[in-house]
$ cat final-v8.cif   # mmCIF, C-alpha atoms and all ligand atoms
data_structure
#
loop_
_atom_site.label_atom_id
_atom_site.label_comp_id
_atom_site.auth_asym_id
_atom_site.auth_seq_id
_atom_site.Cartn_x
_atom_site.Cartn_y
_atom_site.Cartn_z
CA MET A 28 5.52 132.05 166.98
CA LEU A 29 5.69 129.58 164.08
CA GLU A 30 2.56 127.96 162.77
CA VAL A 31 2.76 125.56 159.84
CA ARG A 32 -0.49 124.25 158.43
CA GLY A 33 -0.95 121.55 155.81
CA LEU A 34 2.49 122.03 154.29
CA SER A 35 3.33 119.86 151.27
CA VAL A 36 6.60 120.17 149.35
CA ARG A 37 7.40 118.26 146.21
CA TYR A 38 10.68 117.77 144.36
CA GLY A 39 9.51 116.54 140.97
CA PRO A 40 7.87 113.17 141.59
CA LEU A 41 8.98 113.01 145.24
CA LEU A 42 6.59 114.28 147.89
CA ALA A 43 9.17 115.25 150.55
CA LEU A 44 6.62 116.73 152.95
CA ASP A 45 3.03 115.61 153.03
CA ASP A 46 0.44 117.78 154.74
CA ALA A 47 2.68 118.72 157.68
CA SER A 48 1.28 120.82 160.51
CA LEU A 49 3.16 121.96 163.59
CA GLU A 50 3.56 124.82 166.02
CA VAL A 51 6.54 126.30 167.83
CA LEU A 52 5.69 128.39 170.87
CA PRO A 53 7.58 131.35 172.35
CA GLY A 54 9.80 130.38 175.27
CA ARG A 55 10.05 126.77 174.14
CA ILE A 56 12.54 124.61 172.30
CA CYS A 57 11.01 122.19 169.84
CA GLY A 58 13.05 119.29 168.49
CA LEU A 59 12.39 118.35 164.87
CA VAL A 60 13.22 114.68 164.87
CA GLY A 61 13.43 112.25 162.00
CA ALA A 62 15.69 109.88 160.10
CA ASN A 63 17.83 110.99 157.16
CA GLY A 64 15.59 112.07 154.31
CA SER A 65 12.53 112.53 156.53
CA GLY A 66 12.04 116.13 155.39
CA LYS A 67 13.63 118.17 158.20
CA SER A 68 15.75 120.42 155.98
CA THR A 69 12.87 120.68 153.52
CA LEU A 70 10.68 122.05 156.29
CA PHE A 71 13.32 124.65 157.21
CA ASN A 72 13.77 125.58 153.56
CA ALA A 73 10.03 126.11 153.20
CA VAL A 74 9.88 128.26 156.34
CA MET A 75 12.81 130.30 154.97
CA GLY A 76 11.11 130.69 151.59
CA LEU A 77 13.88 128.76 149.83
CA VAL A 78 11.52 126.19 148.35
CA ALA A 79 7.99 126.86 147.14
CA PRO A 80 5.44 124.61 148.82
CA GLU A 81 2.81 122.83 146.79
CA ALA A 82 0.24 123.52 149.50
CA GLY A 83 -0.04 124.90 152.99
CA THR A 84 0.50 128.08 154.99
CA ILE A 85 3.36 129.35 157.11
CA ILE A 86 2.51 131.97 159.71
CA ILE A 87 5.30 133.56 161.73
CA ASP A 88 4.58 135.91 164.59
CA GLY A 89 1.01 136.27 163.31
CA THR A 90 2.00 137.35 159.78
CA PRO A 91 2.80 135.50 156.55
CA GLY A 92 6.30 134.03 156.55
CA ALA A 93 7.70 136.38 153.90
CA ILE A 94 6.78 139.49 155.88
CA ALA A 95 8.17 138.13 159.14
CA ARG A 96 11.43 137.17 157.41
CA ARG A 97 11.78 140.65 155.96
CA ARG A 98 11.30 142.08 159.45
CA GLY A 99 14.21 139.99 160.71
CA VAL A 100 12.06 137.89 163.03
CA VAL A 101 13.60 134.63 161.81
CA GLY A 102 17.19 133.53 162.44
CA TYR A 103 18.44 130.52 160.51
CA VAL A 104 21.43 128.27 161.11
CA PRO A 105 21.62 126.08 157.99
CA GLN A 106 22.73 122.46 157.93
CA GLU A 107 25.25 122.99 155.16
CA ASP A 108 26.47 126.52 155.40
CA ALA A 109 24.71 128.80 152.97
CA VAL A 110 27.90 130.84 152.77
CA ASP A 111 30.31 129.56 150.16
CA ARG A 112 33.44 128.39 151.97
CA ASP A 113 35.63 130.11 149.38
CA PHE A 114 33.68 133.35 149.46
CA PRO A 115 35.97 135.99 151.00
CA ILE A 116 33.95 137.18 153.99
CA SER A 117 35.10 137.52 157.59
CA VAL A 118 33.31 136.23 160.68
CA GLY A 119 32.54 139.80 161.77
CA GLU A 120 31.00 140.53 158.38
CA VAL A 121 28.78 137.43 158.50
CA VAL A 122 27.46 138.38 161.94
CA THR A 123 26.94 141.95 160.68
CA THR A 124 24.65 140.67 157.89
CA GLY A 125 22.21 139.91 160.72
CA ARG A 126 21.88 143.68 161.18
CA TYR A 127 21.04 144.48 157.54
CA GLY A 128 17.31 144.67 158.35
CA HIS A 129 18.13 147.41 160.87
CA MET A 130 20.37 149.43 158.55
CA GLY A 131 19.64 151.94 155.80
CA PRO A 132 20.08 151.18 152.10
CA LEU A 133 23.83 151.88 152.23
CA ARG A 134 24.21 149.24 154.94
CA ARG A 135 26.54 151.36 156.98
CA PRO A 136 26.56 149.94 160.52
CA SER A 137 25.60 152.39 163.27
CA ARG A 138 27.08 152.32 166.73
CA ALA A 139 24.07 150.25 167.88
CA ASP A 140 24.67 147.78 165.04
CA ARG A 141 28.32 147.40 165.99
CA GLN A 142 27.43 146.92 169.63
CA ALA A 143 24.82 144.27 168.77
CA VAL A 144 27.39 142.40 166.66
CA GLU A 145 30.04 142.56 169.39
CA ALA A 146 27.60 141.43 172.08
CA ALA A 147 26.38 138.51 169.95
CA MET A 148 29.96 137.40 169.25
CA GLU A 149 30.86 137.54 172.93
CA ARG A 150 27.76 135.60 173.85
CA THR A 151 28.61 132.81 171.44
CA GLY A 152 32.30 132.77 172.36
CA ILE A 153 33.61 133.78 168.93
CA ASP A 154 34.73 137.31 169.79
CA GLY A 155 38.35 136.37 169.11
CA LEU A 156 37.53 135.25 165.57
CA SER A 157 36.09 138.45 164.11
CA ARG A 158 38.72 138.95 161.40
CA ARG A 159 39.04 135.31 160.39
CA GLN A 160 37.63 134.21 157.04
CA ILE A 161 34.52 132.06 157.41
CA GLY A 162 36.08 129.35 155.24
CA GLU A 163 38.98 128.95 157.68
CA LEU A 164 36.83 127.98 160.63
CA SER A 165 36.01 124.55 162.00
CA GLY A 166 32.47 123.24 161.60
CA GLY A 167 31.61 123.91 165.26
CA GLN A 168 32.98 127.45 165.11
CA ARG A 169 30.94 128.14 161.98
CA LYS A 170 27.75 127.01 163.71
CA ARG A 171 28.44 129.55 166.44
CA VAL A 172 28.93 132.27 163.84
CA PHE A 173 25.44 131.65 162.46
CA VAL A 174 23.94 131.55 165.97
CA ALA A 175 25.70 134.88 166.63
CA ARG A 176 24.21 136.31 163.43
CA ALA A 177 20.71 135.29 164.59
CA ILE A 178 21.31 136.89 168.01
CA ALA A 179 22.67 140.11 166.47
CA GLN A 180 19.60 140.21 164.27
CA GLY A 181 17.32 140.06 167.34
CA ALA A 182 15.51 137.04 165.87
CA ARG A 183 12.58 135.75 167.89
CA LEU A 184 12.18 132.53 165.94
CA LEU A 185 15.38 130.52 165.68
CA LEU A 186 15.70 127.68 163.19
CA LEU A 187 18.71 125.40 163.60
CA ASP A 188 19.22 122.54 161.18
CA GLU A 189 21.38 119.83 162.79
CA PRO A 190 23.49 122.29 164.83
CA PHE A 191 25.22 119.45 166.69
CA ALA A 192 26.38 117.41 163.71
CA GLY A 193 30.17 117.24 163.80
CA VAL A 194 30.32 119.38 166.94
CA ASP A 195 32.26 118.27 170.04
CA ARG A 196 30.62 117.90 173.44
CA VAL A 197 31.95 121.18 174.80
CA SER A 198 30.59 123.13 171.83
CA GLU A 199 27.34 121.19 171.96
CA ALA A 200 26.87 122.01 175.65
CA ALA A 201 27.64 125.67 174.94
CA ILE A 202 25.07 125.82 172.13
CA VAL A 203 22.44 123.97 174.22
CA GLY A 204 23.01 126.39 177.12
CA LEU A 205 22.68 129.34 174.78
CA LEU A 206 19.46 128.03 173.22
CA ARG A 207 17.99 127.50 176.68
CA GLU A 208 18.87 131.10 177.59
CA LEU A 209 17.33 132.43 174.37
CA ALA A 210 14.16 130.41 175.00
CA ALA A 211 14.02 131.78 178.55
CA GLU A 212 14.15 135.26 176.99
CA GLY A 213 11.05 134.39 174.96
CA CYS A 214 12.48 133.08 171.69
CA ALA A 215 10.84 130.16 169.95
CA VAL A 216 13.44 127.61 168.85
CA LEU A 217 13.07 124.83 166.30
CA VAL A 218 16.09 122.54 166.16
CA SER A 219 16.43 119.47 164.00
CA THR A 220 18.37 116.43 165.04
CA HIS A 221 18.52 112.71 164.46
CA ASP A 222 20.29 112.23 167.79
CA LEU A 223 17.66 111.01 170.21
CA GLY A 224 20.23 110.69 173.00
CA SER A 225 20.59 114.36 173.88
CA LEU A 226 17.15 115.49 172.80
CA ARG A 227 15.48 115.23 176.19
CA GLU A 228 18.06 117.55 177.76
CA LEU A 229 17.50 120.08 175.01
CA ALA A 230 13.87 120.24 173.99
CA ASP A 231 10.52 120.89 175.65
CA ASP A 232 8.47 119.77 172.67
CA ALA A 233 9.11 117.49 169.73
CA VAL A 234 7.82 116.88 166.24
CA LEU A 235 8.48 113.43 164.84
CA LEU A 236 8.82 113.55 161.08
CA ALA A 237 8.84 110.85 158.41
CA GLY A 238 7.76 112.72 155.29
CA ARG A 239 4.69 113.58 157.32
CA VAL A 240 4.22 114.48 160.96
CA LEU A 241 3.91 111.27 162.96
CA ALA A 242 3.50 112.99 166.33
CA ALA A 243 3.83 116.46 167.82
CA GLY A 244 3.58 117.86 171.34
CA PRO A 245 5.39 117.77 174.69
CA ILE A 246 8.51 115.65 174.31
CA GLU A 247 7.59 112.90 176.75
CA GLN A 248 4.32 112.32 174.90
CA VAL A 249 5.96 112.29 171.47
CA LEU A 250 9.02 110.11 172.06
CA THR A 251 7.27 106.86 172.84
CA PRO A 252 9.02 103.60 171.84
CA GLN A 253 6.27 102.95 169.30
CA ALA A 254 6.65 106.35 167.66
CA ILE A 255 10.46 106.04 167.57
CA ALA A 256 10.17 102.60 166.01
CA HIS A 257 7.85 104.06 163.40
CA ALA A 258 10.22 106.91 162.57
CA PHE A 259 13.60 105.16 162.85
CA GLY A 260 12.92 101.42 162.86
CA ALA A 261 12.62 98.93 165.71
CA GLU A 262 16.37 98.75 166.39
CA ALA A 263 16.52 102.43 167.27
CA ALA A 264 13.61 102.10 169.63
CA ALA A 265 15.32 99.20 171.43
CA GLY A 266 18.68 100.93 171.74
CA GLU A 267 17.52 104.50 172.13
CA GLY A 268 20.42 106.85 172.50
CA MET A 269 22.71 104.70 170.41
CA LEU A 270 21.97 106.75 167.33
CA ARG A 271 24.46 109.21 166.01
N1 LIG A 301 16.74 119.81 146.08
C1 LIG A 301 16.21 118.58 146.09
N2 LIG A 301 15.84 117.96 144.94
C2 LIG A 301 15.29 116.73 144.95
N3 LIG A 301 15.07 116.02 146.05
C3 LIG A 301 15.43 116.56 147.23
C4 LIG A 301 16.02 117.86 147.31
N4 LIG A 301 16.26 118.15 148.61
C5 LIG A 301 15.86 117.06 149.30
N5 LIG A 301 15.35 116.11 148.49
C6 LIG A 301 14.78 114.81 148.91
O1 LIG A 301 13.70 115.10 149.79
C7 LIG A 301 13.70 114.18 150.89
C8 LIG A 301 13.81 114.98 152.19
O2 LIG A 301 15.11 115.55 152.25
P1 LIG A 301 15.57 116.47 153.44
O3 LIG A 301 16.88 117.05 153.07
O4 LIG A 301 14.49 117.41 153.79
O5 LIG A 301 15.74 115.41 154.62
P2 LIG A 301 16.39 115.59 156.08
O6 LIG A 301 15.39 115.05 157.05
O7 LIG A 301 16.86 116.96 156.26
O8 LIG A 301 17.62 114.56 156.01
P3 LIG A 301 19.06 114.62 156.78
O9 LIG A 301 18.85 114.06 158.15
O10 LIG A 301 19.90 113.69 155.95
O11 LIG A 301 19.55 116.03 156.76
C9 LIG A 301 14.84 113.21 150.64
O12 LIG A 301 14.32 112.07 150.02
C10 LIG A 301 15.75 113.97 149.70
O13 LIG A 301 16.45 113.08 148.85
MG MG A 302 18.70 117.79 156.59
#

$ encode --input "final-v8.cif" --output "structure tokens" --more "lines below"
Ligand SMILES: Nc1ncnc2c1ncn2[C@@H]1O[C@H](COP(=O)(O)OP(=O)(O)OP(=O)(O)O)[C@@H](O)[C@H]1O
Ligand SMILES: [Mg+2]
Amino acid sequence: MLEVRGLSVRYGPLLALDDASLEVLPGRICGLVGANGSGKSTLFNAVMGLVAPEAGTIIIDGTPGAIARRRGVVGYVPQEDAVDRDFPISVGEVVTTGRYGHMGPLRRPSRADRQAVEAAMERTGIDGLSRRQIGELSGGQRKRVFVARAIAQGARLLLLDEPFAGVDRVSEAAIVGLLRELAAEGCAVLVSTHDLGSLRELADDAVLLAGRVLAAGPIEQVLTPQAIAHAFGAEAAAGEGMLR
């Protein structure tokens, strides 16, 4: 569903991603794992077309990334919310933006659009929050709003950048359960985290990142003590699961 080949991204003199290649398959959850500054958000930004790569290709659902994004194939839950906290927009309106690709130029929601929005909000447990302003929500609630937007959109590739940061265990379990359901329905999910502790419960595959891809494949093959030591340092490898 997502195929990244030879991706390099540069910020001025800094090469944030160096020749990265990875694949995310339908029906599977892939953990994008790496220390702070290892290039996880940069990879998401490149897949979303928010930064221009220096080299490489991004193929989504068999077509160039830009086309797939326009078709609404890609749902994105950003690390820092892309929506300005002070911007006056309600939860229901944010989730409805996921339907824009399905609407005409006037963006008037049809009955089907409204039903998709309602169903997505129920599924993510935010149906009581529809009229609340996005800036009034807690961090965990906001994550659910963006997951709901991706569901309403009918995205088949889901990108989640640190969805569990600052989220309590109940919310985390709810999001993990939801991602597993979406994968079972055939979605491909790429989720970044620096929390190795809960990764094995979540992901089928993993990509270990440190500016470049250190390892990629089924999770048990990727998360070896040696590879973790390489990505996070020896201490992390010794006390795996202690990271937060
Ligand atoms: N807009 C930018 N301009 C310049 N440098 C940047 C920019 N965004 C990121 N970087 C740098 O690129 C590198 C990769 O950053 P990135 O945000 O992708 O890391 P990350 O793995 O997402 O980290 P974290 O776990 O802290 O979210 C870092 O060294 C960072 O300082
Ligand atoms: Mg990041």

$ residues_near_point --input "final-v8.cif" --point "(26.9, 114.9, 158.6)" --cutoff "12 Å" --atoms "all atoms listed in the file" --output "CSV table (one decimal) with C-alpha atoms, in the frame of the given file"
chain,number,residue,atom,x,y,z
A,63,ASN,CA,17.8,111.0,157.2
A,106,GLN,CA,22.7,122.5,157.9
A,107,GLU,CA,25.2,123.0,155.2
A,166,GLY,CA,32.5,123.2,161.6
A,188,ASP,CA,19.2,122.5,161.2
A,189,GLU,CA,21.4,119.8,162.8
A,190,PRO,CA,23.5,122.3,164.8
A,191,PHE,CA,25.2,119.4,166.7
A,192,ALA,CA,26.4,117.4,163.7
A,193,GLY,CA,30.2,117.2,163.8
A,194,VAL,CA,30.3,119.4,166.9
A,220,THR,CA,18.4,116.4,165.0
A,221,HIS,CA,18.5,112.7,164.5
A,222,ASP,CA,20.3,112.2,167.8
A,271,ARG,CA,24.5,109.2,166.0

$ residues_near_ligand --input "final-v8.cif" --ligand "ligand LIG 301 (chain A)" --cutoff "8 Å" --atoms "only C-alpha atoms and all ligand atoms" --output "list of chain:residue names"
A:Arg37, A:Tyr38, A:Gly39, A:Leu41, A:Leu42, A:Ala43, A:Leu44, A:Gly61, A:Ala62, A:Asn63, A:Gly64, A:Ser65, A:Gly66, A:Lys67, A:Ser68, A:Thr69, A:Leu70, A:Gln106, A:Asp188, A:Glu189, A:Thr220, A:His221, A:Leu236, A:Ala237, A:Gly238

$ atom_distance --input "final-v8.cif" --atom1 "CA of Ala182 in chain A" --atom2 "CA of Val101 in chain A"
5.1 Å

$ residues_near_point --input "final-v8.cif" --point "(11.5, 147.2, 167.5)" --cutoff "12 Å" --atoms "all atoms listed in the file" --output "MDAnalysis selection string"
chainID A and resid 98:100 128:129 180:183

$ closest_residue --input "final-v8.cif" --among "A:Pro132, A:Gly224, A:Pro105, A:Gly167" --to "ligand MG 302 (chain A)" --atoms "all atoms listed in the file"
A:Pro105
